[in-house]
$ cat start.txt   # compact mmCIF, C-alpha atoms and all ligand atoms
# COMPACT_ATOMS: atom_id res chain seq x y z
CA GLN A 1 -1.41 19.66 8.37
CA VAL A 2 1.00 17.96 6.05
CA THR A 3 3.61 19.72 3.97
CA PHE A 4 5.58 16.86 2.42
CA SER A 5 8.80 18.68 3.23
CA SER A 6 9.75 16.29 6.02
CA PHE A 7 8.88 12.83 7.25
CA MET A 8 6.26 12.74 9.97
CA ARG A 9 5.81 10.46 12.96
CA HIS A 10 3.02 7.90 13.08
CA SER A 11 1.07 9.94 15.61
CA GLU A 12 1.15 12.89 13.19
CA HIS A 13 -0.16 10.73 10.35
CA MET A 14 -3.05 9.59 12.54
CA ALA A 15 -3.75 13.10 13.84
CA TYR A 16 -4.00 14.31 10.25
CA LEU A 17 -6.59 11.65 9.41
CA ARG A 18 -8.67 12.50 12.47
CA ARG A 19 -8.44 16.22 11.67
CA LEU A 20 -9.67 15.65 8.12
CA ALA A 21 -12.55 13.51 9.31
CA ALA A 22 -13.52 16.28 11.72
CA ASP A 23 -13.18 19.05 9.12
CA TYR A 24 -14.79 17.24 6.17
CA PRO A 25 -17.45 15.03 7.78
CA ASN A 26 -19.49 14.78 4.58
CA ILE A 27 -16.78 13.01 2.65
CA ALA A 28 -14.11 11.73 5.05
CA THR A 29 -14.51 9.18 7.81
CA VAL A 30 -11.90 7.46 9.93
CA GLU A 31 -12.14 3.81 10.77
CA LYS A 32 -9.82 1.99 13.12
CA ILE A 33 -9.20 -1.30 11.31
CA GLY A 34 -6.87 -2.72 13.90
CA GLU A 35 -4.11 -2.18 16.36
CA SER A 36 -0.44 -2.98 16.00
CA TYR A 37 1.29 -5.38 18.37
CA GLU A 38 2.56 -2.48 20.50
CA GLY A 39 -0.92 -0.97 20.58
CA ARG A 40 -0.77 1.74 17.95
CA ASP A 41 -3.88 2.53 15.93
CA ILE A 42 -4.10 1.34 12.37
CA LEU A 43 -6.46 3.84 10.80
CA MET A 44 -8.21 3.90 7.47
CA LEU A 45 -9.61 7.03 5.90
CA LYS A 46 -12.68 6.47 3.76
CA ILE A 47 -13.42 9.14 1.17
CA SER A 48 -16.84 8.97 -0.38
CA SER A 49 -19.56 11.28 -1.61
CA GLY A 50 -22.14 8.93 -0.10
CA PRO A 51 -24.02 5.80 -1.05
CA SER A 52 -24.80 5.04 -4.66
CA GLU A 53 -28.02 6.55 -5.93
CA THR A 54 -28.54 3.73 -8.39
CA SER A 55 -28.92 0.00 -7.76
CA THR A 56 -25.26 -0.61 -8.63
CA PRO A 57 -22.91 0.05 -5.74
CA LYS A 58 -19.93 2.29 -6.30
CA PRO A 59 -16.58 0.71 -7.10
CA GLY A 60 -14.01 0.95 -4.34
CA ILE A 61 -10.26 1.49 -4.37
CA LEU A 62 -8.20 0.15 -1.45
CA ILE A 63 -4.75 1.59 -0.82
CA ASP A 64 -2.21 0.80 1.85
CA ALA A 65 1.32 1.91 2.59
CA GLY A 66 4.03 1.21 5.08
CA ILE A 67 3.90 -2.61 5.19
CA HIS A 68 7.69 -2.36 5.04
CA CYS A 69 8.44 0.40 7.47
CA ARG A 70 11.84 1.49 6.14
CA GLU A 71 10.23 2.36 2.82
CA TRP A 72 9.55 5.84 4.07
CA ILE A 73 8.28 7.31 0.84
CA ALA A 74 5.18 5.09 0.91
CA PRO A 75 3.14 6.72 3.73
CA PRO A 76 3.58 10.25 2.31
CA VAL A 77 2.34 8.96 -1.05
CA ALA A 78 -0.82 7.68 0.63
CA LEU A 79 -1.21 10.90 2.62
CA TYR A 80 -0.79 13.00 -0.51
CA ILE A 81 -3.54 11.04 -2.26
CA ILE A 82 -5.72 11.75 0.76
CA GLN A 83 -4.82 15.43 0.80
CA GLN A 84 -5.43 15.85 -2.92
CA LEU A 85 -8.78 14.10 -2.78
CA VAL A 86 -10.12 15.80 0.32
CA GLN A 87 -8.51 19.23 0.29
CA ASN A 88 -8.10 20.06 -3.39
CA SER A 89 -11.52 20.74 -4.85
CA ALA A 90 -10.16 20.30 -8.36
CA ASN A 91 -10.08 16.57 -7.60
CA ALA A 92 -13.59 16.30 -6.16
CA HIS A 93 -14.76 14.41 -9.24
CA MET A 94 -12.46 11.57 -8.22
CA TYR A 95 -14.71 10.58 -5.32
CA ALA A 96 -18.02 11.32 -7.00
CA ASN A 97 -18.48 7.79 -8.33
CA VAL A 98 -15.69 5.88 -6.63
CA ASP A 99 -15.11 5.20 -2.92
CA TRP A 100 -11.57 5.34 -1.53
CA TYR A 101 -10.23 3.38 1.44
CA ILE A 102 -6.73 4.44 2.38
CA VAL A 103 -4.49 3.06 5.14
CA PRO A 104 -1.35 5.22 5.22
CA ASN A 105 0.61 3.15 7.71
CA LEU A 106 0.02 -0.54 8.14
CA ASN A 107 3.14 -1.18 10.23
CA PRO A 108 3.29 1.64 12.78
CA ASP A 109 5.49 -0.19 15.32
CA GLY A 110 8.09 -0.84 12.69
CA TYR A 111 7.81 2.72 11.41
CA GLU A 112 8.43 4.23 14.83
CA PHE A 113 11.36 1.83 15.27
CA THR A 114 12.88 3.13 12.04
CA GLN A 115 12.42 6.66 13.39
CA SER A 116 14.13 6.02 16.69
CA ASN A 117 16.35 2.94 16.52
CA ASN A 118 17.11 1.34 13.21
CA ARG A 119 16.40 3.23 9.99
CA LEU A 120 16.53 0.06 7.91
CA TRP A 121 14.10 -2.11 9.87
CA ARG A 122 11.67 -3.90 7.51
CA LYS A 123 9.44 -6.20 9.57
CA ASN A 124 6.91 -5.62 12.31
CA ARG A 125 7.99 -5.68 15.99
CA ARG A 126 6.31 -8.74 17.45
CA LEU A 127 8.40 -11.59 18.80
CA THR A 128 7.04 -14.97 17.74
CA GLU A 129 6.75 -17.25 20.77
CA GLY A 130 9.95 -19.21 21.18
CA ALA A 131 11.69 -17.34 18.37
CA GLN A 132 15.16 -15.89 18.54
CA CYS A 133 14.65 -12.64 16.69
CA ILE A 134 11.94 -10.00 16.65
CA GLY A 135 9.73 -9.27 13.69
CA THR A 136 7.75 -10.88 10.89
CA ASP A 137 7.86 -9.68 7.31
CA LEU A 138 4.23 -8.68 6.89
CA ASN A 139 4.54 -9.09 3.13
CA ARG A 140 5.29 -12.78 3.62
CA ASN A 141 2.55 -13.31 6.21
CA PHE A 142 -0.57 -13.22 4.00
CA GLY A 143 -2.34 -16.52 3.51
CA TYR A 144 -2.20 -17.29 -0.19
CA TYR A 145 0.44 -19.92 -0.98
CA TRP A 146 2.04 -18.89 2.34
CA MET A 147 5.72 -20.02 2.49
CA HIS A 148 5.57 -21.35 -1.07
CA ALA A 149 8.70 -19.46 -2.22
CA GLY A 150 10.93 -16.52 -1.34
CA ALA A 151 10.06 -16.63 2.34
CA SER A 152 11.79 -17.97 5.44
CA GLN A 153 10.98 -19.81 8.64
CA ASP A 154 14.07 -18.37 10.33
CA SER A 155 12.85 -15.61 12.65
CA CYS A 156 16.12 -13.73 12.15
CA SER A 157 15.59 -13.51 8.41
CA GLU A 158 14.42 -10.27 6.80
CA ILE A 159 11.80 -12.33 4.97
CA TYR A 160 10.55 -14.31 7.98
CA ALA A 161 6.97 -15.28 7.11
CA GLY A 162 5.80 -15.68 10.72
CA PRO A 163 4.79 -18.90 12.52
CA GLU A 164 1.70 -19.26 10.36
CA ALA A 165 -0.28 -17.27 7.82
CA PHE A 166 -1.89 -14.18 9.31
CA SER A 167 -0.14 -14.60 12.64
CA GLU A 168 0.34 -10.83 12.90
CA PRO A 169 -2.20 -8.21 13.99
CA GLU A 170 -1.20 -5.88 11.16
CA SER A 171 -1.85 -8.38 8.35
CA GLN A 172 -5.00 -9.52 10.15
CA ALA A 173 -6.28 -5.94 10.12
CA ILE A 174 -6.30 -5.72 6.32
CA ARG A 175 -7.55 -9.29 5.89
CA ASP A 176 -10.46 -8.79 8.24
CA TRP A 177 -11.44 -5.48 6.70
CA VAL A 178 -11.33 -6.88 3.16
CA LEU A 179 -13.34 -9.96 4.11
CA ALA A 180 -15.98 -7.84 5.84
CA ASN A 181 -16.12 -4.84 3.48
CA GLY A 182 -14.39 -5.74 0.25
CA GLU A 183 -17.32 -6.76 -1.99
CA ASN A 184 -17.14 -3.75 -4.26
CA LEU A 185 -13.40 -3.25 -4.38
CA GLN A 186 -12.12 -3.06 -7.94
CA LEU A 187 -8.53 -1.95 -7.33
CA TYR A 188 -5.90 -2.54 -4.67
CA LEU A 189 -2.63 -0.61 -4.49
CA SER A 190 0.04 -1.43 -1.93
CA PHE A 191 2.83 1.15 -1.85
CA HIS A 192 6.41 -0.01 -1.34
CA SER A 193 9.84 1.12 -2.41
CA TYR A 194 12.03 1.02 -4.28
CA GLY A 195 12.66 0.34 -7.96
CA GLU A 196 9.92 2.10 -9.98
CA MET A 197 7.89 -0.98 -10.72
CA MET A 198 4.20 -1.60 -11.16
CA LEU A 199 4.00 -5.22 -9.99
CA TYR A 200 0.96 -7.43 -10.37
CA PRO A 201 0.27 -11.02 -9.25
CA TRP A 202 1.41 -13.56 -9.00
CA GLY A 203 4.30 -13.15 -6.65
CA TYR A 204 4.29 -16.69 -5.28
CA ALA A 205 5.34 -18.27 -8.57
CA PRO A 206 6.14 -17.20 -12.15
CA GLU A 207 2.60 -17.83 -13.26
CA LEU A 208 0.09 -15.34 -14.52
CA PRO A 209 -3.50 -14.79 -13.43
CA GLU A 210 -6.22 -15.20 -15.99
CA ASN A 211 -6.73 -11.40 -16.33
CA HIS A 212 -3.02 -10.67 -16.75
CA GLU A 213 -3.59 -8.71 -19.94
CA ASP A 214 -5.88 -6.30 -18.10
CA LEU A 215 -3.44 -6.08 -15.21
CA HIS A 216 -0.64 -5.26 -17.58
CA TYR A 217 -2.66 -2.74 -19.59
CA VAL A 218 -3.95 -0.83 -16.59
CA GLY A 219 -0.57 -0.93 -14.85
CA GLN A 220 1.01 0.47 -17.98
CA LEU A 221 -1.53 3.30 -18.13
CA ALA A 222 -0.51 4.36 -14.64
CA ALA A 223 3.19 3.85 -15.27
CA THR A 224 3.10 5.99 -18.39
CA ALA A 225 1.24 8.75 -16.57
CA ILE A 226 3.88 8.77 -13.84
CA ASP A 227 6.83 8.69 -16.23
CA GLN A 228 5.44 11.59 -18.23
CA ALA A 229 4.89 13.69 -15.12
CA SER A 230 8.17 12.79 -13.49
CA THR A 231 10.66 15.49 -12.61
CA ILE A 232 13.06 12.96 -11.10
CA ASN A 233 13.38 10.84 -14.22
CA SER A 234 11.24 7.95 -13.03
CA GLN A 235 10.90 5.13 -15.52
CA TYR A 236 8.48 2.48 -14.41
CA ARG A 237 8.53 -1.12 -15.49
CA VAL A 238 5.33 -3.16 -15.49
CA ASN A 239 5.12 -6.92 -15.02
CA SER A 240 4.22 -9.67 -12.60
CA SER A 241 6.19 -9.74 -9.36
CA ALA A 242 7.67 -13.19 -9.81
CA ILE A 243 8.70 -12.52 -13.39
CA LEU A 244 10.13 -9.01 -13.02
CA LEU A 245 11.43 -9.09 -9.45
CA TYR A 246 11.54 -12.47 -7.70
CA GLU A 247 9.29 -15.19 -6.43
CA ALA A 248 7.94 -14.31 -3.00
CA ALA A 249 4.80 -15.81 -1.49
CA GLY A 250 2.64 -14.36 1.25
CA GLY A 251 2.37 -10.87 -0.20
CA SER A 252 -0.68 -8.73 0.39
CA ASP A 253 -1.20 -8.24 -3.35
CA ASP A 254 -1.57 -11.96 -4.08
CA TRP A 255 -3.96 -12.50 -1.17
CA VAL A 256 -6.13 -9.49 -1.93
CA LYS A 257 -6.50 -10.66 -5.51
CA ALA A 258 -7.05 -14.36 -4.80
CA GLU A 259 -9.04 -14.37 -1.57
CA GLY A 260 -10.23 -10.77 -1.47
CA LYS A 261 -11.46 -11.18 -5.05
CA VAL A 262 -10.07 -7.83 -6.20
CA ASP A 263 -9.22 -8.37 -9.85
CA LEU A 264 -6.80 -5.47 -10.19
CA SER A 265 -4.11 -5.71 -7.52
CA TYR A 266 -0.69 -4.06 -7.56
CA CYS A 267 2.41 -3.65 -5.49
CA VAL A 268 3.82 -0.26 -6.49
CA GLU A 269 7.56 0.05 -5.98
CA LEU A 270 8.08 3.80 -5.70
CA PRO A 271 11.29 5.65 -6.64
CA ASP A 272 14.36 5.45 -4.44
CA GLY A 273 16.59 8.12 -3.01
CA ASP A 274 19.45 7.51 -5.49
CA ALA A 275 22.59 5.62 -4.51
CA PRO A 276 23.70 5.26 -1.78
CA PHE A 277 20.48 6.26 -0.03
CA PHE A 278 17.81 4.02 -1.59
CA PHE A 279 15.22 3.54 1.17
CA MET A 280 16.65 6.64 2.84
CA ILE A 281 15.11 8.96 0.32
CA PRO A 282 15.95 12.56 1.29
CA ALA A 283 13.05 14.73 2.42
CA ARG A 284 13.43 17.11 -0.53
CA GLN A 285 12.42 14.26 -2.84
CA ILE A 286 9.11 13.61 -1.08
CA LEU A 287 7.20 16.23 -3.03
CA PRO A 288 8.34 15.22 -6.52
CA ALA A 289 7.70 11.56 -5.70
CA VAL A 290 4.23 12.01 -4.24
CA ARG A 291 3.19 14.37 -7.04
CA GLU A 292 4.16 12.09 -9.87
CA THR A 293 2.63 9.08 -8.14
CA PHE A 294 -0.67 10.92 -7.86
CA GLU A 295 -0.69 11.20 -11.65
CA GLY A 296 -0.58 7.41 -11.77
CA VAL A 297 -3.41 7.23 -9.26
CA LYS A 298 -5.45 9.51 -11.50
CA ALA A 299 -4.90 7.11 -14.39
CA PHE A 300 -5.99 4.16 -12.25
CA HIS A 301 -9.04 6.08 -11.12
CA ALA A 302 -10.02 7.03 -14.67
CA TYR A 303 -9.91 3.38 -15.70
CA ILE A 304 -12.01 2.26 -12.72
CA GLU A 305 -14.56 5.01 -13.23
CA GLU A 306 -14.93 4.16 -16.89
CA ASN A 307 -15.08 0.40 -16.55
CA PHE A 308 -17.09 -0.31 -13.40
O1 LIG B 1 9.64 -8.31 -1.45
C1 LIG B 1 8.62 -7.64 -1.31
O2 LIG B 1 7.80 -7.83 -0.41
C2 LIG B 1 8.34 -6.48 -2.28
N1 LIG B 1 9.57 -5.79 -2.60
S1 LIG B 1 10.26 -4.84 -1.43
O3 LIG B 1 11.53 -4.36 -1.97
N2 LIG B 1 9.34 -3.55 -1.19
O4 LIG B 1 10.39 -5.59 -0.23
C3 LIG B 1 7.73 -7.05 -3.55
C4 LIG B 1 6.47 -7.80 -3.34
C5 LIG B 1 5.81 -8.22 -4.62
N3 LIG B 1 4.64 -9.02 -4.40
C6 LIG B 1 4.71 -10.33 -4.08
N4 LIG B 1 5.82 -10.99 -4.11
N5 LIG B 1 3.58 -10.93 -3.78
ZN ZN B 2 8.36 -3.31 0.53

$ encode --input "start.txt" --output "structure tokens" --more "lines below"
Ligand code: 0X9
Ligand code: ZN
Amino acid sequence: QVTFSSFMRHSEHMAYLRRLAADYPNIATVEKIGESYEGRDILMLKISSGPSETSTPKPGILIDAGIHCREWIAPPVALYIIQQLVQNSANAHMYANVDWYIVPNLNPDGYEFTQSNNRLWRKNRRLTEGAQCIGTDLNRNFGYYWMHAGASQDSCSEIYAGPEAFSEPESQAIRDWVLANGENLQLYLSFHSYGEMMLYPWGYAPELPENHEDLHYVGQLAATAIDQASTINSQYRVNSSAILLYEAAGGSDDWVKAEGKVDLSYCVELPDGDAPFFFMIPARQILPAVRETFEGVKAFHAYIEENF
């Protein structure tokens, strides 16, 4: 079970997914989409009421969290979405016509390292052959305009992009799943922290995709829903990554949009833990943060259900 009153270990996240799949076999299934460098499972929970009964397939929503392992609020947000969909019957309508694919922890090695060694670790834990320092920034390792801007070839850098695009098992896991199963995906959300921002592509350069008006409109719908529900005074900003934040190539959001062909793709920068904690959001703020974020997810879902 999950209570959202404390941060859980990776093994507890995975046990929760397996438990749900066992308890709710008609709607929840677990798929292992890959393994981290140190051999931890990367699991996805699929939530679906079953195949479409018409000739049009159901739209899918792909969500991941934990790419940057110190951003501890992200996995609970994904787990709360899972809990609310599967275990709160008031939300059953949300998977009637839409399929959900949720990966609560894409960087389990890094996450466990932040639990036991270094709370502020950001990258994964693989040592590139011949490199000096451990770890690749998974959000610089995706293969769309890889290394174009805001990324480094110095292995000791926090934004080390890896020796080549998709050199890491964790980024490969999402890539391979999207390429094999992504045809009907309409929305991608990647949860990060912090800053209360709804970021859309492009991140590699201050240029906008052709559907930027839709991206902005839908992002704003979600942002407004969160702000209105917020009990911690969240105030989201909505814009493209490169324009609002900084140029940074190799992000999952850019790749999923460009190569995964998912038109609506966002990096959601969740709230922080207030100065001086930031990434180190205190456990008592988990519940308010996950609750308000779910209101944004409801707004995203409503748009997808209505438009696809
Ligand atoms: O720098 C990042 O990877 C993200 N910010 S964070 O503070 N969580 O590290 C922003 C990524 C935005 N998307 C792209 N640049 N593609
Ligand atoms: Zn991040």

$ residues_near_ligand --input "start.txt" --ligand "ligand ZN 2 (chain B)" --cutoff "10 Å" --atoms "all atoms listed in the file" --output "compact mmCIF listing (two decimals) with C-alpha atoms, keeping the file's coordinate frame"
# COMPACT_ATOMS: atom_id res chain seq x y z
CA ALA A 65 1.32 1.91 2.59
CA GLY A 66 4.03 1.21 5.08
CA ILE A 67 3.90 -2.61 5.19
CA HIS A 68 7.69 -2.36 5.04
CA CYS A 69 8.44 0.40 7.47
CA ARG A 70 11.84 1.49 6.14
CA GLU A 71 10.23 2.36 2.82
CA TRP A 72 9.55 5.84 4.07
CA ALA A 74 5.18 5.09 0.91
CA ARG A 122 11.67 -3.90 7.51
CA LYS A 123 9.44 -6.20 9.57
CA ASP A 137 7.86 -9.68 7.31
CA LEU A 138 4.23 -8.68 6.89
CA ASN A 139 4.54 -9.09 3.13
CA SER A 190 0.04 -1.43 -1.93
CA PHE A 191 2.83 1.15 -1.85
CA HIS A 192 6.41 -0.01 -1.34
CA SER A 193 9.84 1.12 -2.41
CA TYR A 194 12.03 1.02 -4.28
CA GLY A 251 2.37 -10.87 -0.20
CA CYS A 267 2.41 -3.65 -5.49
CA VAL A 268 3.82 -0.26 -6.49
CA GLU A 269 7.56 0.05 -5.98
CA LEU A 270 8.08 3.80 -5.70
CA PHE A 279 15.22 3.54 1.17

$ closest_residue --input "start.txt" --among "A:Gly135, A:Gly150, A:Gly260, A:Gly296" --to "ligand LIG 1 (chain B)" --atoms "all atoms listed in the file"
A:Gly150

$ closest_residue --input "start.txt" --among "A:Gly143, A:Pro201, A:Gly50, A:Pro282" --to "ligand LIG 1 (chain B)" --atoms "all atoms listed in the file"
A:Pro201

$ residues_near_point --input "start.txt" --point "(-7.5, 2.4, -8.1)" --cutoff "7 Å" --atoms "only C-alpha atoms" --output "list in words"
Ile61, Leu187, Tyr188, Leu189, Val297, Phe300, His301 and Ile304 of chain A

$ closest_residue --input "start.txt" --among "A:Ile63, A:Ala225, A:Ile82, A:Ile47" --to "Ala302 in chain A" --atoms "all atoms listed in the file"
A:Ala225

$ residues_around --input "start.txt" --residues "Met8 in chain A" --least-positions-apart "5" --cutoff "12 Å" --atoms "all atoms listed in the file" --output "list in words"
Gln1, Val2, Thr3, His13, Met14, Ala15, Tyr16, Trp72, Ile73, Ala74, Pro75, Pro76, Leu79, Pro104, Asn105, Pro108, Tyr111, Glu112, Thr114, Gln115, Ala283 and Ile286 of chain A

$ closest_residue --input "start.txt" --among "A:Phe113, A:Ser52, A:Phe278, A:Glu259" --to "Leu179 in chain A" --atoms "only C-alpha atoms"
A:Glu259

$ atom_distance --input "start.txt" --atom1 "CA of Gly182 in chain A" --atom2 "CA of Trp255 in chain A"
12.5 Å

$ closest_atom_pairs --input "start.txt" --of "range 68-170 of chain A" --to "range 243-249 of chain A" --cutoff "12 Å" --atoms "all atoms listed in the file" --output "CSV"
residue,atom,partner,partner_atom,distance
A:Asp137,CA,A:Ala249,CA,11.2
A:Leu138,CA,A:Ala249,CA,11.0
A:Asn139,CA,A:Ala249,CA,8.2
A:Arg140,CA,A:Ala249,CA,6.0
A:Asn141,CA,A:Ala249,CA,8.4
A:Phe142,CA,A:Ala249,CA,8.1
A:Gly143,CA,A:Ala249,CA,8.7
A:Tyr144,CA,A:Ala249,CA,7.3
A:Tyr145,CA,A:Ala249,CA,6.0
A:Trp146,CA,A:Ala249,CA,5.6
A:Met147,CA,A:Ala249,CA,5.9
A:His148,CA,A:Ala249,CA,5.6
A:Ala149,CA,A:Ala248,CA,5.3
A:Gly150,CA,A:Ala248,CA,4.1
A:Ala151,CA,A:Ala248,CA,6.2
A:Ser152,CA,A:Ala248,CA,10.0
A:Ile159,CA,A:Ala248,CA,9.1
A:Tyr160,CA,A:Ala249,CA,11.2
A:Ala161,CA,A:Ala249,CA,8.9
A:Ala165,CA,A:Ala249,CA,10.7

$ axis_aligned_box --input "start.txt" --around "range 91-95 of chain A" --padding-each-side "8 Å" --output "AutoDock Vina command-line options"
--center_x -12.4 --center_y 13.6 --center_z -7.3 --size_x 20.7 --size_y 22.0 --size_z 19.9
